[in-house]
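Source file work04.pdb; content: PDB, C-alpha atoms.
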MODEL        1
ATOM      1  CA  MET T  17      -8.809 -15.419   6.193
ATOM      2  CA  VAL T  18      -7.894 -15.054   2.547
ATOM      3  CA  ILE T  19      -5.278 -12.308   2.398
ATOM      4  CA  SER T  20      -3.722 -10.795  -0.701
ATOM      5  CA  VAL T  21      -0.773  -8.464  -1.110
ATOM      6  CA  VAL T  22      -0.825  -6.163  -4.121
ATOM      7  CA  ILE T  23       2.609  -4.966  -5.256
ATOM      8  CA  PRO T  24       2.685  -2.153  -7.836
ATOM      9  CA  CYS T  25       5.900  -2.645  -9.785
ATOM     10  CA  TYR T  26       7.786  -0.091 -11.853
ATOM     11  CA  ASN T  27      11.508  -0.634 -12.489
ATOM     12  CA  VAL T  28      11.975  -2.700  -9.326
ATOM     13  CA  SER T  29      14.164  -5.478 -10.735
ATOM     14  CA  LYS T  30      16.791  -4.953  -8.001
ATOM     15  CA  HIS T  31      14.326  -5.423  -5.137
ATOM     16  CA  ILE T  32      11.190  -7.310  -6.142
ATOM     17  CA  GLU T  33      12.527 -10.804  -5.438
ATOM     18  CA  ASP T  34      13.470  -9.800  -1.868
ATOM     19  CA  VAL T  35      10.081  -8.120  -1.345
ATOM     20  CA  ILE T  36       8.228 -11.275  -2.349
ATOM     21  CA  SER T  37      10.502 -13.673  -0.470
ATOM     22  CA  ASN T  38      10.084 -11.704   2.782
ATOM     23  CA  LEU T  39       6.271 -11.879   2.824
ATOM     24  CA  PRO T  40       4.819 -13.929   5.717
ATOM     25  CA  ASP T  41       3.492 -17.456   5.141
ATOM     26  CA  ASN T  42      -0.132 -16.539   5.890
ATOM     27  CA  ILE T  43      -0.405 -14.504   2.682
ATOM     28  CA  THR T  44      -2.748 -16.376   0.330
ATOM     29  CA  TRP T  45      -2.115 -14.460  -2.897
ATOM     30  CA  ILE T  46       0.678 -12.169  -4.085
ATOM     31  CA  ILE T  47      -0.580  -9.937  -6.897
ATOM     32  CA  ALA T  48       2.316  -8.249  -8.702
ATOM     33  CA  VAL T  49       1.282  -5.601 -11.237
ATOM     34  CA  ASN T  50       4.030  -4.607 -13.652
ATOM     35  CA  ASP T  51       3.263  -1.027 -14.693
ATOM     36  CA  CYS T  52       5.189  -1.150 -17.975
ATOM     37  CA  SER T  53       8.666  -1.308 -16.428
ATOM     38  CA  LYS T  54      11.670  -0.540 -18.603
ATOM     39  CA  ASP T  55      14.161  -2.706 -16.713
ATOM     40  CA  ASP T  56      14.241  -6.484 -16.089
ATOM     41  CA  THR T  57      11.163  -6.525 -13.832
ATOM     42  CA  ASP T  58       9.144  -8.537 -16.384
ATOM     43  CA  GLU T  59      11.786 -11.266 -16.726
ATOM     44  CA  ILE T  60      12.213 -11.587 -12.963
ATOM     45  CA  LEU T  61       8.484 -11.752 -12.203
ATOM     46  CA  THR T  62       7.957 -14.280 -14.996
ATOM     47  CA  GLN T  63      10.615 -16.524 -13.440
ATOM     48  CA  LEU T  64       9.245 -16.052  -9.915
ATOM     49  CA  GLN T  65       5.736 -16.964 -11.021
ATOM     50  CA  VAL T  66       6.951 -20.382 -12.175
ATOM     51  CA  LYS T  67       8.470 -21.069  -8.738
ATOM     52  CA  ASN T  68       5.762 -19.524  -6.538
ATOM     53  CA  ASP T  69       2.186 -20.858  -6.673
ATOM     54  CA  LYS T  70       0.927 -17.839  -4.717
ATOM     55  CA  LEU T  71       2.189 -15.303  -7.237
ATOM     56  CA  ILE T  72      -0.248 -13.835  -9.762
ATOM     57  CA  TYR T  73       1.543 -11.717 -12.334
ATOM     58  CA  LEU T  74      -0.383  -8.985 -14.175
ATOM     59  CA  LYS T  75       1.011  -6.570 -16.766
ATOM     60  CA  HIS T  76      -0.007  -3.167 -18.107
ATOM     61  CA  ALA T  77       0.543  -2.421 -21.784
ATOM     62  CA  GLU T  78       0.900   1.289 -20.896
ATOM     63  CA  ASN T  79       2.198   2.970 -17.749
ATOM     64  CA  GLN T  80      -0.723   4.000 -15.524
ATOM     65  CA  GLY T  81       1.015   5.069 -12.328
ATOM     66  CA  VAL T  82       0.900   3.528  -8.869
ATOM     67  CA  GLY T  83      -2.836   4.174  -8.559
ATOM     68  CA  GLY T  84      -3.533   2.506 -11.878
ATOM     69  CA  ALA T  85      -1.510  -0.533 -10.799
ATOM     70  CA  MET T  86      -3.358  -0.665  -7.479
ATOM     71  CA  ILE T  87      -6.765  -0.455  -9.160
ATOM     72  CA  THR T  88      -5.786  -3.469 -11.296
ATOM     73  CA  GLY T  89      -4.602  -5.297  -8.164
ATOM     74  CA  PHE T  90      -7.708  -4.363  -6.173
ATOM     75  CA  ARG T  91      -9.968  -5.741  -8.876
ATOM     76  CA  LYS T  92      -8.021  -9.010  -8.950
ATOM     77  CA  SER T  93      -8.204  -9.311  -5.160
ATOM     78  CA  ILE T  94     -11.986  -8.874  -5.266
ATOM     79  CA  GLU T  95     -12.190 -11.442  -8.079
ATOM     80  CA  LEU T  96     -10.261 -13.900  -5.873
ATOM     81  CA  ASN T  97     -12.761 -13.371  -3.012
ATOM     82  CA  CYS T  98     -10.089 -12.195  -0.618
ATOM     83  CA  ASP T  99     -11.006 -10.873   2.841
ATOM     84  CA  ILE T 100      -8.145  -8.374   3.201
ATOM     85  CA  THR T 101      -5.938  -6.606   0.662
ATOM     86  CA  ILE T 102      -2.528  -5.177   1.572
ATOM     87  CA  LYS T 103      -0.489  -2.728  -0.495
ATOM     88  CA  MET T 104       3.291  -3.034  -0.449
ATOM     89  CA  ASP T 105       5.645  -1.196  -2.762
ATOM     90  CA  GLY T 106       8.117  -3.145  -4.848
ATOM     91  CA  ASP T 107      11.165  -1.055  -3.913
ATOM     92  CA  HIS T 108      11.807  -2.814  -0.566
ATOM     93  CA  GLN T 109      11.133   0.348   1.482
ATOM     94  CA  MET T 110       8.345  -1.334   3.471
ATOM     95  CA  ASP T 111       9.096  -3.960   6.099
ATOM     96  CA  ALA T 112       6.885  -7.052   5.745
ATOM     97  CA  ALA T 113       7.425  -7.772   9.451
ATOM     98  CA  TYR T 114       4.731  -5.156  10.156
ATOM     99  CA  ILE T 115       2.039  -7.005   8.170
ATOM    100  CA  PRO T 116       0.624  -8.928  11.207
ATOM    101  CA  ALA T 117       0.200  -5.649  13.115
ATOM    102  CA  LEU T 118      -1.271  -3.974  10.026
ATOM    103  CA  ILE T 119      -4.027  -6.541   9.504
ATOM    104  CA  LYS T 120      -4.802  -7.237  13.185
ATOM    105  CA  PRO T 121      -7.291  -4.323  13.623
ATOM    106  CA  ILE T 122      -9.192  -5.507  10.520
ATOM    107  CA  ILE T 123      -9.267  -9.141  11.667
ATOM    108  CA  GLU T 124     -10.543  -8.020  15.081
ATOM    109  CA  ASP T 125     -13.222  -5.777  13.456
ATOM    110  CA  ARG T 126     -11.783  -2.628  15.026
ATOM    111  CA  ALA T 127     -11.089  -1.007  11.658
ATOM    112  CA  ASN T 128     -11.922  -1.275   7.966
ATOM    113  CA  PHE T 129      -8.637   0.271   6.845
ATOM    114  CA  THR T 130      -5.171   0.496   8.377
ATOM    115  CA  LYS T 131      -2.017   2.325   7.424
ATOM    116  CA  GLY T 132       1.488   2.795   8.671
ATOM    117  CA  ASN T 133       2.467   5.758  10.837
ATOM    118  CA  ARG T 134       6.142   6.716  10.493
ATOM    119  CA  PHE T 135       5.838   9.792  12.681
ATOM    120  CA  ARG T 136       6.038   7.780  15.903
ATOM    121  CA  ASP T 137       9.669   6.970  15.057
ATOM    122  CA  PHE T 138      11.213  10.119  16.511
ATOM    123  CA  SER T 139      14.844   9.066  15.990
ATOM    124  CA  ALA T 140      14.244   8.679  12.250
ATOM    125  CA  LEU T 141      12.368  11.967  12.093
ATOM    126  CA  ARG T 142      15.325  13.768  13.620
ATOM    127  CA  ARG T 143      17.459  12.488  10.747
ATOM    128  CA  MET T 144      14.986  13.813   8.177
ATOM    129  CA  PRO T 145      16.022  17.140   6.566
ATOM    130  CA  ILE T 146      14.078  20.058   8.062
ATOM    131  CA  ILE T 147      12.619  21.064   4.677
ATOM    132  CA  ARG T 148      11.252  17.575   4.125
ATOM    133  CA  ARG T 149       9.877  17.504   7.668
ATOM    134  CA  ILE T 150       8.015  20.779   7.114
ATOM    135  CA  GLY T 151       6.758  19.587   3.732
ATOM    136  CA  ASN T 152       5.421  16.350   5.210
ATOM    137  CA  LEU T 153       3.640  18.188   8.007
ATOM    138  CA  GLY T 154       2.082  20.670   5.576
ATOM    139  CA  LEU T 155       0.963  17.917   3.193
ATOM    140  CA  SER T 156      -0.430  15.869   6.083
ATOM    141  CA  PHE T 157      -2.483  18.831   7.332
ATOM    142  CA  MET T 158      -3.997  19.449   3.894
ATOM    143  CA  ILE T 159      -4.865  15.755   3.406
ATOM    144  CA  LYS T 160      -6.443  15.556   6.865
ATOM    145  CA  ALA T 161      -8.504  18.672   6.176
ATOM    146  CA  ALA T 162      -9.656  17.403   2.780
ATOM    147  CA  SER T 163     -10.457  13.846   3.870
ATOM    148  CA  GLY T 164     -12.029  14.585   7.254
ATOM    149  CA  TYR T 165      -9.779  12.034   8.987
ATOM    150  CA  TRP T 166      -8.230  14.342  11.572
ATOM    151  CA  ASN T 167      -7.143  11.424  13.751
ATOM    152  CA  ILE T 168      -4.490  10.159  11.320
ATOM    153  CA  TYR T 169      -0.925  11.463  11.487
ATOM    154  CA  ASP T 170       0.711   9.973   8.386
ATOM    155  CA  PRO T 171      -1.952  10.180   5.645
ATOM    156  CA  SER T 172       0.507   9.869   2.753
ATOM    157  CA  ASN T 173       1.964   6.568   3.990
ATOM    158  CA  GLY T 174       1.454   3.939   1.275
ATOM    159  CA  PHE T 175       1.782   0.843   3.478
ATOM    160  CA  ILE T 176      -1.926   0.053   3.850
ATOM    161  CA  ALA T 177      -4.442  -2.740   4.364
ATOM    162  CA  ILE T 178      -8.162  -2.711   3.654
ATOM    163  CA  SER T 179     -11.099  -5.002   4.301
ATOM    164  CA  ASN T 180     -12.449  -6.250   0.987
ATOM    165  CA  ASP T 181     -15.988  -5.581   2.191
ATOM    166  CA  THR T 182     -14.999  -1.920   2.259
ATOM    167  CA  LEU T 183     -12.910  -2.163  -0.902
ATOM    168  CA  LYS T 184     -15.946  -3.383  -2.865
ATOM    169  CA  ILE T 185     -17.851  -0.151  -2.183
ATOM    170  CA  VAL T 186     -14.965   2.221  -2.986
ATOM    171  CA  PRO T 187     -15.522   3.541  -6.547
ATOM    172  CA  ALA T 188     -12.342   2.604  -8.415
ATOM    173  CA  ASP T 189     -12.976   5.214 -11.096
ATOM    174  CA  LYS T 190     -12.677   7.949  -8.447
ATOM    175  CA  LEU T 191      -9.157   6.903  -7.391
ATOM    176  CA  HIS T 192      -6.233   8.935  -8.699
ATOM    177  CA  LYS T 193      -3.950   6.832 -10.878
ATOM    178  CA  ARG T 194      -0.689   8.538 -10.007
ATOM    179  CA  PHE T 195       0.903  10.483  -7.146
ATOM    180  CA  PHE T 196      -2.318  11.261  -5.248
ATOM    181  CA  PHE T 197      -3.578   7.666  -5.086
ATOM    182  CA  GLU T 198      -3.336   7.372  -1.280
ATOM    183  CA  THR T 199      -5.000  10.779  -0.812
ATOM    184  CA  SER T 200      -7.879   9.980  -3.158
ATOM    185  CA  LEU T 201      -8.397   6.635  -1.425
ATOM    186  CA  LEU T 202      -8.771   8.408   1.931
ATOM    187  CA  LEU T 203     -11.276  10.835   0.401
ATOM    188  CA  GLU T 204     -13.405   7.979  -0.913
ATOM    189  CA  LEU T 205     -13.123   6.014   2.346
ATOM    190  CA  TYR T 206     -14.652   8.993   4.172
ATOM    191  CA  TYR T 207     -17.860   8.545   2.148
ATOM    192  CA  THR T 208     -18.045   4.877   3.157
ATOM    193  CA  ASN T 209     -17.792   5.762   6.886
ATOM    194  CA  ALA T 210     -14.692   3.580   7.093
ATOM    195  CA  ILE T 211     -12.930   3.349  10.436
ATOM    196  CA  ILE T 212      -9.184   3.916  10.063
ATOM    197  CA  GLU T 213      -6.462   2.833  12.470
ATOM    198  CA  GLU T 214      -2.746   3.648  12.179
ATOM    199  CA  VAL T 215       0.045   1.219  13.009
ATOM    200  CA  PRO T 216       3.344   2.659  14.269
ATOM    201  CA  MET T 217       6.337   1.547  12.205
ATOM    202  CA  LYS T 218       9.889   2.649  11.631
ATOM    203  CA  ALA T 219      10.523   5.266   8.979
ATOM    204  CA  GLN T 220      12.896   4.391   6.154
ATOM    205  CA  TYR T 221      14.463   7.289   4.268
ATOM    206  CA  GLY T 222      17.085   6.851   1.591
TER
ENDMDL
END

Show the structure stored in the file as C-alpha cells.
Amino acid sequence: MVISVVIPCYNVSKHIEDVISNLPDNITWIIAVNDCSKDDTDEILTQLQVKNDKLIYLKHAENQGVGGAMITGFRKSIELNCDITIKMDGDHQMDAAYIPALIKPIIEDRANFTKGNRFRDFSALRRMPIIRRIGNLGLSFMIKAASGYWNIYDPSNGFIAISNDTLKIVPADKLHKRFFFETSLLLELYYTNAIIEEVPMKAQYG
C-alpha cells in the first residue's frame, strides 16, 4: 500500500529531524507542511529534503493552524494517490512505533479511520493533574455527543490514520483550521458512515 505521513510543522526545529528519522521504512511519502514557523524549521526541512527522497516539503505563506496544515497535507496525499494517510505532530510527542498498529485495522478493512487512545494507559493517567483529567473527560463527552461516535474514548487524540477512499469524500472546507480540527474531522466522518477504531497507546504528558 502507498502510505503517507502528514506532519503539520510550527516551530518544531528542535524535534522535526527526530520525528522524520523515526518513521518506519514502509512509509512511502513524508509530507511536511511548514505553517509559517518563526524558528529554524524551514532551514532544517530544506536540508532534510535534499537527503530524503521520501520527503515532500510544503510551505504556507501565512499561518493557518494545524487544521490548515493538515488540509494542505491531505490534498497532497490524495494527489499522490496514497491508500492511507497518517497524521503525526512535529513536536515528537507521538511514538512512531505505534504506526503499524494504527494502520492495521484499515489494511484489514475493519475500519476507515483509526486514532490513538491514551486513556488505556492508567499509570500515565494517574500522573495527570486532576483538573486536566476532569477537563479531558468533559471535553471527550461533548465531542462524543456532538459527533455521534459514543464508542471512542479519546476523541481529541491527534495521532490518526485514515483511508484515502474515505478522505476523498470528507469536505475539506468543513474542517476547522485550528484547535478544533480533530473534532470537526470526527463530525464530518459521521456523515460518511466511517467506521472508527481506537488503538491503545501510552500517554505522553510534558

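Between CA of Gly84 (chain T) and CA of His192 (chain T) there is a distance of 7.7 Å.
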
Once the PyMOL selection byres ((chain T and resi 119-124) around 12) has been evaluated on this model, what residues remain selected, and can you format them as a PyMOL selection string? chain T and resi 17-21+42-43+99-103+112-118+125-132+175-182+210-215

Expected selection from the PyMOL selection byres ((chain T and resi 24-39) around 10), given as a VMD selection string: chain T and resid 21 to 23 40 to 43 46 to 61 64 68 71 74 to 75 79 81 to 89 103 to 113 115

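If you measure from each of T:Ala77, T:Ile72, T:Leu183, T:Leu201 to Arg91 (chain T) using only C-alpha atoms, the closest one turns out to be T:Leu183.
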
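Interatomic distance, CA of Asn209 (chain T) against CA of Phe195 (chain T): 23.8 Å.
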
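Taking CA of Glu204 (chain T) as the reference point, CA of Lys190 (chain T) is found at 7.6 Å.
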
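Candidate residues T:His76, T:Arg134, T:Asp170, T:Phe90 were compared for distance to Asp189 (chain T), and the nearest is T:Phe90, using all atoms listed in the file.
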